[in-house]
file work-v2.tsv (TSV, C-alpha atoms)
chain	number	residue	atom	x	y	z
A	12	MET	CA	-13.02	6.86	-12.69
A	13	ARG	CA	-9.83	5.44	-11.20
A	14	LYS	CA	-9.30	6.07	-7.52
A	15	GLY	CA	-7.02	8.86	-6.45
A	16	PHE	CA	-4.52	8.58	-3.61
A	17	THR	CA	-1.90	10.75	-1.93
A	18	ILE	CA	1.88	10.48	-2.05
A	19	TRP	CA	3.36	12.53	0.78
A	20	LEU	CA	7.06	13.42	0.47
A	21	THR	CA	8.55	14.48	3.79
A	22	GLY	CA	12.13	15.50	4.59
A	23	ILE	CA	14.41	18.40	5.49
A	24	SER	CA	14.82	21.34	3.06
A	25	GLY	CA	17.14	20.35	0.22
A	26	SER	CA	16.49	16.62	0.57
A	27	GLY	CA	14.97	16.40	-2.92
A	28	LYS	CA	11.21	16.35	-2.22
A	29	SER	CA	10.16	18.76	-4.97
A	30	THR	CA	12.50	17.27	-7.57
A	31	ILE	CA	11.41	13.70	-6.86
A	32	GLY	CA	7.77	14.83	-6.61
A	33	ALA	CA	7.99	16.36	-10.10
A	34	GLY	CA	9.60	13.18	-11.42
A	35	VAL	CA	6.88	10.97	-9.93
A	36	ARG	CA	4.22	13.32	-11.31
A	37	ASP	CA	5.66	13.04	-14.82
A	38	ALA	CA	5.96	9.25	-14.58
A	39	LEU	CA	2.33	8.90	-13.47
A	40	LYS	CA	1.12	11.36	-16.13
A	41	GLN	CA	2.90	9.23	-18.75
A	42	ARG	CA	0.69	6.41	-17.53
A	43	GLY	CA	-2.37	8.49	-18.29
A	44	ARG	CA	-3.26	9.45	-14.74
A	45	SER	CA	-4.47	12.85	-13.53
A	46	VAL	CA	-1.88	14.13	-11.07
A	47	GLU	CA	-1.36	17.33	-9.09
A	48	LEU	CA	1.89	18.23	-7.37
A	49	LEU	CA	1.33	20.41	-4.31
A	50	ASP	CA	4.60	22.05	-3.41
A	51	SER	CA	4.32	23.35	0.14
A	52	GLY	CA	6.99	26.03	-0.26
A	53	ARG	CA	5.48	27.38	-3.44
A	54	ILE	CA	1.96	27.39	-1.99
A	55	ARG	CA	3.18	29.29	1.06
A	56	LYS	CA	4.84	31.89	-1.17
A	57	GLN	CA	2.04	32.26	-3.67
A	58	ILE	CA	-1.21	32.00	-1.79
A	59	ASN	CA	-0.58	31.47	1.89
A	60	ARG	CA	1.84	34.16	2.92
A	61	SER	CA	-0.04	34.88	6.12
A	62	LEU	CA	0.81	31.57	7.77
A	63	GLY	CA	4.10	31.41	9.65
A	64	PHE	CA	6.17	28.55	11.03
A	65	SER	CA	5.02	28.11	14.60
A	66	ARG	CA	4.03	24.54	15.42
A	67	GLU	CA	0.33	25.51	15.22
A	68	GLU	CA	0.78	27.27	11.90
A	69	ILE	CA	2.74	24.39	10.40
A	70	GLU	CA	0.00	22.05	11.57
A	71	ALA	CA	-2.74	24.26	10.07
A	72	HIS	CA	-0.90	24.54	6.78
A	73	THR	CA	-0.24	20.80	6.66
A	74	MET	CA	-3.83	19.81	7.40
A	75	ARG	CA	-5.02	22.23	4.74
A	76	LEU	CA	-2.73	20.48	2.26
A	77	GLY	CA	-4.31	17.22	3.43
A	78	TYR	CA	-7.76	18.69	2.83
A	79	GLU	CA	-6.73	19.52	-0.74
A	80	CYS	CA	-5.43	15.97	-1.22
A	81	ASN	CA	-8.83	14.58	-0.20
A	82	LEU	CA	-10.60	16.98	-2.59
A	83	LEU	CA	-8.41	15.80	-5.45
A	84	ASN	CA	-8.38	12.11	-4.51
A	85	ARG	CA	-12.14	11.77	-4.37
A	86	ASN	CA	-12.28	13.21	-7.89
A	87	GLY	CA	-9.87	10.60	-9.23
A	88	VAL	CA	-6.75	12.75	-9.07
A	89	ILE	CA	-3.46	11.56	-7.56
A	90	ALA	CA	-2.04	14.20	-5.19
A	91	ILE	CA	1.70	14.43	-4.62
A	92	VAL	CA	2.75	16.67	-1.75
A	93	ALA	CA	6.29	17.93	-1.20
A	94	ALA	CA	6.38	19.38	2.32
A	95	VAL	CA	8.97	19.31	5.11
A	96	SER	CA	6.10	18.36	7.48
A	97	PRO	CA	8.50	17.94	10.38
A	98	TYR	CA	6.12	16.68	13.08
A	99	ARG	CA	5.47	12.96	13.32
A	100	ASP	CA	2.11	13.29	15.04
A	101	VAL	CA	0.88	15.69	12.34
A	102	ARG	CA	1.89	13.18	9.66
A	103	ASP	CA	0.10	10.49	11.66
A	104	ARG	CA	-3.01	12.71	11.71
A	105	LEU	CA	-2.70	13.00	7.94
A	106	ARG	CA	-2.58	9.22	7.59
A	107	GLU	CA	-5.85	9.07	9.50
A	108	TYR	CA	-7.39	12.01	7.67
A	109	ILE	CA	-6.48	11.05	4.09
A	110	ASP	CA	-8.23	7.97	2.76
A	111	ASP	CA	-5.28	6.55	0.92
A	112	PHE	CA	-1.93	7.83	2.12
A	113	VAL	CA	1.56	6.77	0.99
A	114	GLU	CA	4.42	8.31	2.96
A	115	VAL	CA	7.80	8.79	1.28
A	116	TYR	CA	10.74	9.85	3.42
A	117	CYS	CA	13.48	11.73	1.55
A	118	ARG	CA	16.46	11.16	3.83
A	119	CYS	CA	19.69	13.05	3.25
A	120	ALA	CA	22.62	13.13	5.69
A	121	MET	CA	23.07	16.54	7.34
A	122	GLU	CA	26.76	16.69	6.25
A	123	VAL	CA	25.66	16.41	2.62
A	124	LEU	CA	22.95	19.05	3.05
A	125	LEU	CA	25.40	21.42	4.75
A	126	ALA	CA	28.09	20.86	2.11
A	127	ARG	CA	25.58	21.45	-0.69
A	128	ASP	CA	23.41	24.25	0.80
A	129	ASP	CA	22.62	25.80	-2.62
A	130	LYS	CA	20.48	28.58	-1.20
A	131	GLY	CA	22.70	29.28	1.81
A	132	LEU	CA	19.72	28.34	3.96
A	133	PHE	CA	21.57	26.24	6.53
A	134	GLU	CA	24.48	28.65	6.78
A	135	ARG	CA	22.11	31.53	7.53
A	136	ALA	CA	20.18	29.39	9.98
A	137	LYS	CA	23.38	28.47	11.79
A	138	ARG	CA	24.31	32.15	12.04
A	139	GLY	CA	20.85	32.74	13.54
A	140	GLU	CA	19.72	34.96	10.67
A	141	ILE	CA	16.70	32.81	9.92
A	142	GLN	CA	14.55	30.74	12.19
A	143	HIS	CA	12.43	27.63	11.80
A	144	VAL	CA	14.83	25.66	9.63
A	145	ALA	CA	14.09	22.01	10.32
A	146	GLY	CA	17.19	20.11	11.37
A	147	ILE	CA	19.11	23.25	12.42
A	148	ASN	CA	17.04	25.42	14.73
A	149	ALA	CA	13.69	23.62	14.46
A	150	PRO	CA	12.83	19.96	14.94
A	151	TYR	CA	12.53	17.36	12.22
A	152	GLU	CA	11.07	14.09	13.46
A	153	GLU	CA	11.97	11.24	11.13
A	154	PRO	CA	9.22	8.88	9.98
A	155	ILE	CA	9.37	5.48	11.64
A	156	SER	CA	7.63	3.41	8.98
A	157	PRO	CA	7.25	5.30	5.69
A	158	GLU	CA	6.07	3.23	2.73
A	159	THR	CA	9.20	4.34	0.89
A	160	LEU	CA	12.57	5.40	2.27
A	161	LEU	CA	14.78	7.24	-0.21
A	162	ASN	CA	18.42	7.91	0.63
A	163	THR	CA	18.66	10.92	-1.62
A	164	ASP	CA	22.32	11.47	-0.80
A	165	GLN	CA	23.14	8.07	-2.31
A	166	GLN	CA	20.46	7.49	-4.94
A	167	GLY	CA	19.96	9.61	-8.06
A	168	LYS	CA	16.69	11.26	-9.01
A	169	GLU	CA	15.67	8.60	-11.54
A	170	GLU	CA	16.35	5.79	-9.09
A	171	CYS	CA	14.27	7.53	-6.41
A	172	VAL	CA	11.38	8.18	-8.80
A	173	TYR	CA	11.25	4.56	-9.88
A	174	LYS	CA	11.46	3.32	-6.33
A	175	VAL	CA	8.34	5.34	-5.53
A	176	VAL	CA	6.58	4.12	-8.68
A	177	ALA	CA	7.56	0.51	-7.93
A	178	THR	CA	6.19	0.85	-4.40
A	179	LEU	CA	2.88	2.13	-5.80
A	180	GLU	CA	2.73	-0.89	-8.11
A	181	VAL	CA	3.46	-3.36	-5.34
A	182	LEU	CA	0.85	-1.67	-3.14
A	183	GLY	CA	-1.66	-1.98	-6.00
A	184	ARG	CA	-2.23	1.79	-6.19
A	185	ILE	CA	-1.32	1.83	-9.88
A	186	GLU	CA	-1.35	-0.87	-12.51
A	187	ARG	CA	1.76	-2.91	-13.12
A	188	VAL	CA	3.81	-2.05	-16.21
A	189	GLU	CA	6.21	-4.72	-17.45
A	190	SER	CA	8.71	-2.32	-18.95
A	191	ALA	CA	9.44	-0.72	-15.60
A	192	CYS	CA	13.08	0.14	-14.91
A	193	TYR	CA	13.57	-1.78	-11.68
A	194	SER	CA	14.79	-5.34	-11.26
A	195	ALA	CA	13.00	-8.35	-9.81
A	196	GLU	CA	15.43	-8.18	-6.92
A	197	GLU	CA	14.53	-4.56	-6.18
A	198	GLU	CA	10.86	-5.42	-6.33
A	199	ALA	CA	11.36	-8.29	-3.90
A	200	MET	CA	13.11	-5.90	-1.49
A	201	ILE	CA	10.26	-3.39	-1.74
A	202	ARG	CA	7.73	-6.15	-1.20
A	203	ARG	CA	9.57	-7.49	1.85
A	204	ARG	CA	9.85	-4.04	3.37
A	205	LEU	CA	6.18	-3.22	2.87
A	206	HIS	CA	5.22	-6.58	4.30
A	207	ASP	CA	7.39	-6.09	7.37
A	208	LEU	CA	5.85	-2.65	7.95
A	209	GLY	CA	2.36	-4.09	7.73
A	210	TYR	CA	1.42	-2.31	4.52
A	211	LEU	CA	1.09	-5.54	2.55
B	10	MET	CA	-12.88	15.45	-19.80
B	11	ARG	CA	-15.38	18.30	-19.56
B	12	LYS	CA	-13.98	21.62	-18.41
B	13	GLY	CA	-14.42	22.65	-14.83
B	14	PHE	CA	-15.33	26.15	-13.73
B	15	THR	CA	-16.01	28.01	-10.49
B	16	ILE	CA	-19.28	29.32	-9.10
B	17	TRP	CA	-18.55	31.84	-6.35
B	18	LEU	CA	-21.43	32.65	-3.98
B	19	THR	CA	-20.85	35.88	-2.07
B	20	GLY	CA	-23.11	37.60	0.47
B	21	ILE	CA	-23.56	38.45	4.13
B	22	SER	CA	-23.93	35.65	6.73
B	23	GLY	CA	-27.42	34.21	6.59
B	24	SER	CA	-28.06	35.25	2.98
B	25	GLY	CA	-28.39	31.65	1.82
B	26	LYS	CA	-25.00	30.96	0.21
B	27	SER	CA	-24.47	27.46	1.66
B	28	THR	CA	-28.07	26.38	1.09
B	29	ILE	CA	-28.12	27.55	-2.52
B	30	GLY	CA	-24.60	26.19	-3.08
B	31	ALA	CA	-25.75	22.74	-1.91
B	32	GLY	CA	-28.80	22.98	-4.20
B	33	VAL	CA	-26.69	23.92	-7.22
B	34	ARG	CA	-24.24	21.11	-6.39
B	35	ASP	CA	-27.07	18.56	-6.34
B	36	ALA	CA	-28.55	19.89	-9.60
B	37	LEU	CA	-25.19	19.68	-11.38
B	38	LYS	CA	-24.48	16.21	-9.96
B	39	GLN	CA	-27.82	15.06	-11.33
B	40	ARG	CA	-26.49	16.11	-14.72
B	41	GLY	CA	-23.54	13.79	-14.27
B	42	ARG	CA	-20.92	16.41	-13.44
B	43	SER	CA	-18.19	16.16	-10.82
B	44	VAL	CA	-18.81	18.93	-8.30
B	45	GLU	CA	-17.24	20.04	-5.02
B	46	LEU	CA	-18.86	22.51	-2.65
B	47	LEU	CA	-16.28	24.47	-0.65
B	48	ASP	CA	-18.02	26.02	2.33
B	49	SER	CA	-15.79	28.74	3.70
B	50	GLY	CA	-17.23	28.65	7.21
B	51	ARG	CA	-16.89	24.90	7.49
B	52	ILE	CA	-13.33	24.92	6.11
B	53	ARG	CA	-12.36	27.59	8.63
B	54	LYS	CA	-13.78	25.49	11.47
B	55	GLN	CA	-12.41	22.16	10.36
B	56	ILE	CA	-9.00	22.76	8.89
B	57	ASN	CA	-8.10	26.41	9.02
B	58	ARG	CA	-8.73	27.49	12.58
B	59	SER	CA	-5.52	29.49	12.72
B	60	LEU	CA	-6.67	32.16	10.27
B	61	GLY	CA	-8.64	35.06	11.72
B	62	PHE	CA	-10.75	37.79	10.19
B	63	SER	CA	-8.40	40.69	9.61
B	64	ARG	CA	-8.49	42.01	6.05
B	65	GLU	CA	-5.18	40.26	5.31
B	66	GLU	CA	-6.36	36.98	6.78
B	67	ILE	CA	-9.65	37.10	4.90
B	68	GLU	CA	-7.71	37.78	1.72
B	69	ALA	CA	-5.30	34.89	2.37
B	70	HIS	CA	-8.16	32.52	3.13
B	71	THR	CA	-10.08	33.64	0.04
B	72	MET	CA	-7.15	33.29	-2.32
B	73	ARG	CA	-6.46	29.83	-0.92
B	74	LEU	CA	-10.05	28.89	-1.73
B	75	GLY	CA	-9.38	30.25	-5.23
B	76	TYR	CA	-6.29	28.08	-5.48
B	77	GLU	CA	-8.39	25.04	-4.60
B	78	CYS	CA	-10.92	26.00	-7.28
B	79	ASN	CA	-8.16	26.08	-9.90
B	80	LEU	CA	-6.89	22.67	-8.73
B	81	LEU	CA	-10.37	21.20	-9.12
B	82	ASN	CA	-11.29	23.04	-12.33
B	83	ARG	CA	-8.25	21.90	-14.26
B	84	ASN	CA	-9.14	18.33	-13.35
B	85	GLY	CA	-12.64	18.69	-14.77
B	86	VAL	CA	-14.40	19.35	-11.46
B	87	ILE	CA	-16.88	22.20	-10.97
B	88	ALA	CA	-16.09	24.12	-7.76
B	89	ILE	CA	-18.84	25.91	-5.88
B	90	VAL	CA	-17.69	28.26	-3.13
B	91	ALA	CA	-19.92	29.69	-0.42
B	92	ALA	CA	-17.95	32.48	1.24
B	93	VAL	CA	-18.91	35.93	2.56
B	94	SER	CA	-15.84	37.28	0.68
B	95	PRO	CA	-16.71	40.86	1.62
B	96	TYR	CA	-14.02	42.76	-0.29
B	97	ARG	CA	-14.69	43.71	-3.88
B	98	ASP	CA	-11.05	43.96	-4.90
B	99	VAL	CA	-10.35	40.48	-3.53
B	100	ARG	CA	-13.24	39.11	-5.60
B	101	ASP	CA	-11.82	40.98	-8.60
B	102	ARG	CA	-8.46	39.33	-7.95
B	103	LEU	CA	-10.26	35.98	-7.90
B	104	ARG	CA	-11.85	36.71	-11.26
B	105	GLU	CA	-8.36	37.29	-12.67
B	106	TYR	CA	-6.85	34.31	-10.86
B	107	ILE	CA	-9.49	31.71	-11.66
B	108	ASP	CA	-9.71	30.69	-15.30
B	109	ASP	CA	-13.46	30.49	-15.45
B	110	PHE	CA	-15.27	32.41	-12.74
B	111	VAL	CA	-19.02	32.92	-12.29
B	112	GLU	CA	-19.99	35.30	-9.48
B	113	VAL	CA	-23.34	34.88	-7.73
B	114	TYR	CA	-24.47	37.55	-5.31
B	115	CYS	CA	-26.88	36.36	-2.61
B	116	ARG	CA	-28.55	39.61	-1.61
B	117	CYS	CA	-30.81	39.75	1.42
B	118	ALA	CA	-32.16	42.95	2.99
B	119	MET	CA	-30.59	43.70	6.38
B	120	GLU	CA	-34.04	44.01	8.03
B	121	VAL	CA	-34.82	40.44	6.98
B	122	LEU	CA	-31.45	39.16	8.20
B	123	LEU	CA	-31.92	40.95	11.53
B	124	ALA	CA	-35.46	39.69	11.95
B	125	ARG	CA	-34.42	36.13	11.13
B	126	ASP	CA	-30.98	35.94	12.85
B	127	ASP	CA	-31.25	32.19	13.59
B	128	LYS	CA	-27.88	31.95	15.29
B	129	GLY	CA	-28.16	35.27	17.14
B	130	LEU	CA	-25.09	36.38	15.20
B	131	PHE	CA	-26.27	39.88	14.36
B	132	GLU	CA	-27.70	40.51	17.80
B	133	ARG	CA	-24.40	39.57	19.42
B	134	ALA	CA	-22.48	41.67	16.89
B	135	LYS	CA	-24.68	44.68	17.62
B	136	ARG	CA	-24.04	44.23	21.34
B	137	GLY	CA	-20.32	44.21	20.51
B	138	GLU	CA	-19.87	40.64	21.76
B	139	ILE	CA	-18.45	39.45	18.46
B	140	GLN	CA	-16.39	41.27	15.88
B	141	HIS	CA	-15.90	40.96	12.13
B	142	VAL	CA	-19.55	40.42	11.21
B	143	ALA	CA	-19.91	41.73	7.67
B	144	GLY	CA	-22.72	44.28	7.40
B	145	ILE	CA	-22.73	45.07	11.16
B	146	ASN	CA	-19.25	45.82	12.42
B	147	ALA	CA	-17.22	44.88	9.33
B	148	PRO	CA	-17.58	45.95	5.71
B	149	TYR	CA	-19.47	44.11	3.01
B	150	GLU	CA	-18.87	45.55	-0.44
B	151	GLU	CA	-21.64	44.55	-2.83
B	152	PRO	CA	-20.68	43.14	-6.24
B	153	ILE	CA	-21.30	45.60	-9.07
B	154	SER	CA	-21.75	43.14	-11.92
B	155	PRO	CA	-22.20	39.55	-10.70
B	156	GLU	CA	-23.25	37.03	-13.34
B	157	THR	CA	-26.26	36.20	-11.15
B	158	LEU	CA	-28.05	38.36	-8.63
B	159	LEU	CA	-30.30	36.43	-6.23
B	160	ASN	CA	-32.71	38.31	-3.99
B	161	THR	CA	-32.83	35.58	-1.38
B	162	ASP	CA	-35.31	37.50	0.78
B	163	GLN	CA	-37.84	37.32	-2.06
B	164	GLN	CA	-36.98	34.15	-3.98
B	165	GLY	CA	-37.17	30.62	-2.60
B	166	LYS	CA	-34.31	28.15	-2.61
B	167	GLU	CA	-35.50	26.25	-5.68
B	168	GLU	CA	-35.98	29.42	-7.69
B	169	CYS	CA	-32.49	30.62	-6.77
B	170	VAL	CA	-30.91	27.28	-7.67
B	171	TYR	CA	-32.58	27.22	-11.07
B	172	LYS	CA	-31.62	30.82	-11.76
B	173	VAL	CA	-27.98	29.88	-11.24
B	174	VAL	CA	-28.33	26.75	-13.39
B	175	ALA	CA	-30.10	28.73	-16.13
B	176	THR	CA	-27.30	31.32	-16.08
B	177	LEU	CA	-24.73	28.54	-16.50
B	178	GLU	CA	-26.67	27.22	-19.49
B	179	VAL	CA	-26.96	30.63	-21.13
B	180	LEU	CA	-23.22	31.21	-20.54
B	181	GLY	CA	-22.51	27.85	-22.18
B	182	ARG	CA	-20.78	26.47	-19.07
B	183	ILE	CA	-23.13	23.47	-18.98
B	184	GLU	CA	-25.20	21.82	-21.67
B	185	ARG	CA	-28.76	22.95	-22.19
B	186	VAL	CA	-31.51	20.70	-20.85
B	187	GLU	CA	-34.97	21.16	-22.35
B	188	SER	CA	-36.86	20.09	-19.24
B	189	ALA	CA	-35.42	22.93	-17.18
B	190	CYS	CA	-37.82	24.60	-14.77
B	191	TYR	CA	-37.53	28.19	-15.96
B	192	SER	CA	-39.62	29.92	-18.59
B	193	ALA	CA	-38.56	31.39	-21.94
B	194	GLU	CA	-39.26	34.80	-20.45
B	195	GLU	CA	-36.92	34.17	-17.53
B	196	GLU	CA	-34.25	32.95	-19.89
B	197	ALA	CA	-34.60	36.08	-22.02
B	198	MET	CA	-34.15	38.20	-18.89
B	199	ILE	CA	-31.03	36.29	-17.88
B	200	ARG	CA	-29.67	36.61	-21.41
B	201	ARG	CA	-30.35	40.36	-21.51
B	202	ARG	CA	-28.69	40.90	-18.16
B	203	LEU	CA	-25.56	38.90	-19.07
B	204	HIS	CA	-25.37	40.75	-22.36
B	205	ASP	CA	-25.64	44.16	-20.69
B	206	LEU	CA	-22.90	43.21	-18.22
B	207	GLY	CA	-20.62	42.15	-21.07
B	208	TYR	CA	-20.61	38.45	-20.17
B	209	LEU	CA	-22.35	37.44	-23.40
call {"tool": "encode", "arguments": {"input": "work-v2.tsv", "output": "structure tokens"}}
result
Amino acid sequence: MRKGFTIWLTGISGSGKSTIGAGVRDALKQRGRSVELLDSGRIRKQINRSLGFSREEIEAHTMRLGYECNLLNRNGVIAIVAAVSPYRDVRDRLREYIDDFVEVYCRCAMEVLLARDDKGLFERAKRGEIQHVAGINAPYEEPISPETLLNTDQQGKEECVYKVVATLEVLGRIERVESACYSAEEEAMIRRRLHDLGYL
Amino acid sequence: MRKGFTIWLTGISGSGKSTIGAGVRDALKQRGRSVELLDSGRIRKQINRSLGFSREEIEAHTMRLGYECNLLNRNGVIAIVAAVSPYRDVRDRLREYIDDFVEVYCRCAMEVLLARDDKGLFERAKRGEIQHVAGINAPYEEPISPETLLNTDQQGKEECVYKVVATLEVLGRIERVESACYSAEEEAMIRRRLHDLGYL
């Protein structure tokens, strides 16, 4: 059985976590791996409606997601989590708690999020109609040293997906595939970054 | 990959769910299966402290356990849950929600539980010092047609474990092993019961 690990996508609502998570899931499935995508928003709606968005409740929800990652990982399944997970110390707890944790920060400039705002989420938050929207009326603490930093306002979905996959290859979490869609130069950049952060 | 399924142990605190769950886990692991035991009490203590014991909170916690069972099952892992899960309609929802659900009722006479009461739980509940103790100051709705009924006040741990394993064999959830520790007579009884309940 190949070892499982966890890819944790963090970022403000609308920054592309679920989309990129689904893309990474499909790419890893194509490589024959067992993968589960845990979408925080969907889980809250479907089976965890009782938990709100206070700091304590966010922490409880996040650690429960981490628990599920461990369950999957130790049975050979790669877990991909898409969750705002706004608190740095909670993410640091996750890194301790989960055996093999790869943090991916989906960064998107607030101007772009506000201009896009497909669901009207930010507009309603600004008008005070909804609370607990990270980046507007609730904190979002940026990761300091995520394994992968994606500028989702500048990079397309495919580019982001392959950057994550390339990072996993360089980290040795998945086997190297020659036909991968990234250049030697990109790989060298990823390698340098991971080395500088102490992950290599 | 062999198919996963879920064994759900329900019963009042002290009825032997965790002990029997651990025994069944070990027996199935010995047969080379991937198994996870989800102990409701331990999960509540370790990673779900924020959820209380109102009906809604019990339901949310239970359905989340069910969600985890599905995650494991579809990746070939057998999930065993030890949870009081006192509400019949919530267990019925689980049976709908989980693809392959085997209900095991750990029944223990209240006199025996009260006489034993290792943790002083029932005594404290009777004195009103703690709330939400199923069978004392909170409801416990017995299953009507569980796949396995264990009288844990009369049967020892080993007997209970093998009754569950034998049921799984008769239901075709696991392969038959000739050296099993139950008699042809016992198997016939299990088969008759499952047939009468409509599970065979």
call {"tool": "closest_residue", "arguments": {"input": "work-v2.tsv", "among": "A:Thr163, A:Lys56, A:Ile155, A:Leu132", "to": "A:Asp103", "atoms": "only C-alpha atoms"}}
result
A:Ile155
call {"tool": "interface_residues", "arguments": {"input": "work-v2.tsv", "of": "chain B", "to": "chain A", "cutoff": "10 Å", "atoms": "only C-alpha atoms", "output": "MDAnalysis selection string"}}
result
chainID B and resid 43:47 52:53 55:60 65:77 80:81 83:86
call {"tool": "atom_distance", "arguments": {"input": "work-v2.tsv", "atom1": "atom CA of B:Met119", "atom2": "atom CA of B:Asp162"}}
result
9.6 Å
call {"tool": "residues_around", "arguments": {"input": "work-v2.tsv", "residues": "B:Leu203", "least_positions_apart": "2", "cutoff": "10 Å", "atoms": "all atoms listed in the file", "output": "ChimeraX atom specification"}}
result
/B:154-157,176,179-180,197-201,205-209
call {"tool": "write_last_selection", "arguments": {"input": "work-v2.tsv", "atoms": "C-alpha atoms", "output": "CSV table (one decimal), keeping the file's coordinate frame"}}
result
chain,number,residue,atom,x,y,z
B,154,SER,CA,-21.8,43.1,-11.9
B,155,PRO,CA,-22.2,39.6,-10.7
B,156,GLU,CA,-23.2,37.0,-13.3
B,157,THR,CA,-26.3,36.2,-11.2
B,176,THR,CA,-27.3,31.3,-16.1
B,179,VAL,CA,-27.0,30.6,-21.1
B,180,LEU,CA,-23.2,31.2,-20.5
B,197,ALA,CA,-34.6,36.1,-22.0
B,198,MET,CA,-34.2,38.2,-18.9
B,199,ILE,CA,-31.0,36.3,-17.9
B,200,ARG,CA,-29.7,36.6,-21.4
B,201,ARG,CA,-30.4,40.4,-21.5
B,205,ASP,CA,-25.6,44.2,-20.7
B,206,LEU,CA,-22.9,43.2,-18.2
B,207,GLY,CA,-20.6,42.2,-21.1
B,208,TYR,CA,-20.6,38.4,-20.2
B,209,LEU,CA,-22.4,37.4,-23.4
call {"tool": "atom_distance", "arguments": {"input": "work-v2.tsv", "atom1": "atom CA of B:Pro148", "atom2": "atom CA of B:Leu18"}}
result
16.9 Å
call {"tool": "residues_around", "arguments": {"input": "work-v2.tsv", "residues": "A:Thr30", "least_positions_apart": "4", "cutoff": "12 Å", "atoms": "only C-alpha atoms", "output": "list in words"}}
result
Leu20, Ser24, Gly25, Ser26, Gly34, Val35, Arg36, Asp37, Leu48, Asp50, Ile91, Val92, Ala93, Ala94, Cys117, Thr163, Gly167, Lys168, Glu169, Cys171 and Val172 of chain A
call {"tool": "atom_distance", "arguments": {"input": "work-v2.tsv", "atom1": "atom CA of A:Val115", "atom2": "atom CA of A:Ile89"}}
result
14.6 Å
call {"tool": "closest_residue", "arguments": {"input": "work-v2.tsv", "among": "B:Ile21, B:Ile16, B:Ala175, B:Cys117", "to": "B:His141", "atoms": "all atoms listed in the file"}}
result
B:Ile21
call {"tool": "closest_residue", "arguments": {"input": "work-v2.tsv", "among": "A:Arg184, A:Arg66, A:Thr21, A:Arg44", "to": "A:Arg102", "atoms": "only C-alpha atoms"}}
result
A:Thr21
call {"tool": "residues_near_point", "arguments": {"input": "work-v2.tsv", "point": "(6.1, 22.3, 3.0)", "cutoff": "6 Å", "atoms": "only C-alpha atoms", "output": "CSV table (one decimal) with C-alpha atoms, in the frame of the given file"}}
result
chain,number,residue,atom,x,y,z
A,51,SER,CA,4.3,23.4,0.1
A,52,GLY,CA,7.0,26.0,-0.3
A,94,ALA,CA,6.4,19.4,2.3
A,95,VAL,CA,9.0,19.3,5.1
A,96,SER,CA,6.1,18.4,7.5
call {"tool": "axis_aligned_box", "arguments": {"input": "work-v2.tsv", "around": "stretch 15-29 of chain B", "padding_each_side": "8 Å", "output": "JSON"}}
result
{"center_x": -22.2, "center_y": 32.4, "center_z": -1.9, "size_x": 28.4, "size_y": 28.1, "size_z": 33.2}
call {"tool": "closest_residue", "arguments": {"input": "work-v2.tsv", "among": "B:Gly13, B:Gly41, B:Pro95, B:Gly129", "to": "B:Glu151", "atoms": "only C-alpha atoms"}}
result
B:Pro95
call {"tool": "residues_around", "arguments": {"input": "work-v2.tsv", "residues": "A:Thr17", "least_positions_apart": "6", "cutoff": "7 Å", "atoms": "all atoms listed in the file", "output": "list in words"}}
result
Cys80, Ile89, Ala90, Ile91, Asp111, Phe112 and Val113 of chain A
call {"tool": "residues_around", "arguments": {"input": "work-v2.tsv", "residues": "B:Ile145", "least_positions_apart": "2", "cutoff": "8 Å", "atoms": "all atoms listed in the file", "output": "number ranges by chain"}}
result
B: 131, 134-135, 142-143, 147-148
call {"tool": "decode", "arguments": {"input": "work-v2.tsv", "residues": "stretch 80-88 of chain A", "atoms": "N, CA and C atoms", "output": "PDB file, in the first residue's frame"}}
result
ATOM      1  N   CYS A  80      -8.457  13.334   7.628  1.00  0.00           N
ATOM      2  CA  CYS A  80      -7.257  13.181   6.788  1.00  0.00           C
ATOM      3  C   CYS A  80      -6.390  12.040   7.319  1.00  0.00           C
ATOM      4  N   ASN A  81      -6.165  12.015   8.620  1.00  0.00           N
ATOM      5  CA  ASN A  81      -5.352  10.944   9.212  1.00  0.00           C
ATOM      6  C   ASN A  81      -5.967   9.574   8.957  1.00  0.00           C
ATOM      7  N   LEU A  82      -7.309   9.480   9.139  1.00  0.00           N
ATOM      8  CA  LEU A  82      -8.008   8.209   8.875  1.00  0.00           C
ATOM      9  C   LEU A  82      -7.721   7.731   7.458  1.00  0.00           C
ATOM     10  N   LEU A  83      -7.863   8.654   6.502  1.00  0.00           N
ATOM     11  CA  LEU A  83      -7.669   8.299   5.097  1.00  0.00           C
ATOM     12  C   LEU A  83      -6.198   7.988   4.821  1.00  0.00           C
ATOM     13  N   ASN A  84      -5.316   8.865   5.289  1.00  0.00           N
ATOM     14  CA  ASN A  84      -3.888   8.723   5.001  1.00  0.00           C
ATOM     15  C   ASN A  84      -3.356   7.381   5.466  1.00  0.00           C
ATOM     16  N   ARG A  85      -3.740   6.965   6.676  1.00  0.00           N
ATOM     17  CA  ARG A  85      -3.153   5.721   7.171  1.00  0.00           C
ATOM     18  C   ARG A  85      -3.743   4.499   6.481  1.00  0.00           C
ATOM     19  N   ASN A  86      -4.756   4.709   5.644  1.00  0.00           N
ATOM     20  CA  ASN A  86      -5.265   3.633   4.799  1.00  0.00           C
ATOM     21  C   ASN A  86      -4.873   3.824   3.332  1.00  0.00           C
ATOM     22  N   GLY A  87      -3.813   4.609   3.117  1.00  0.00           N
ATOM     23  CA  GLY A  87      -3.241   4.717   1.778  1.00  0.00           C
ATOM     24  C   GLY A  87      -3.921   5.724   0.867  1.00  0.00           C
ATOM     25  N   VAL A  88      -4.842   6.509   1.429  1.00  0.00           N
ATOM     26  CA  VAL A  88      -5.610   7.446   0.605  1.00  0.00           C
ATOM     27  C   VAL A  88      -5.037   8.862   0.758  1.00  0.00           C
TER      28      VAL A  88
END
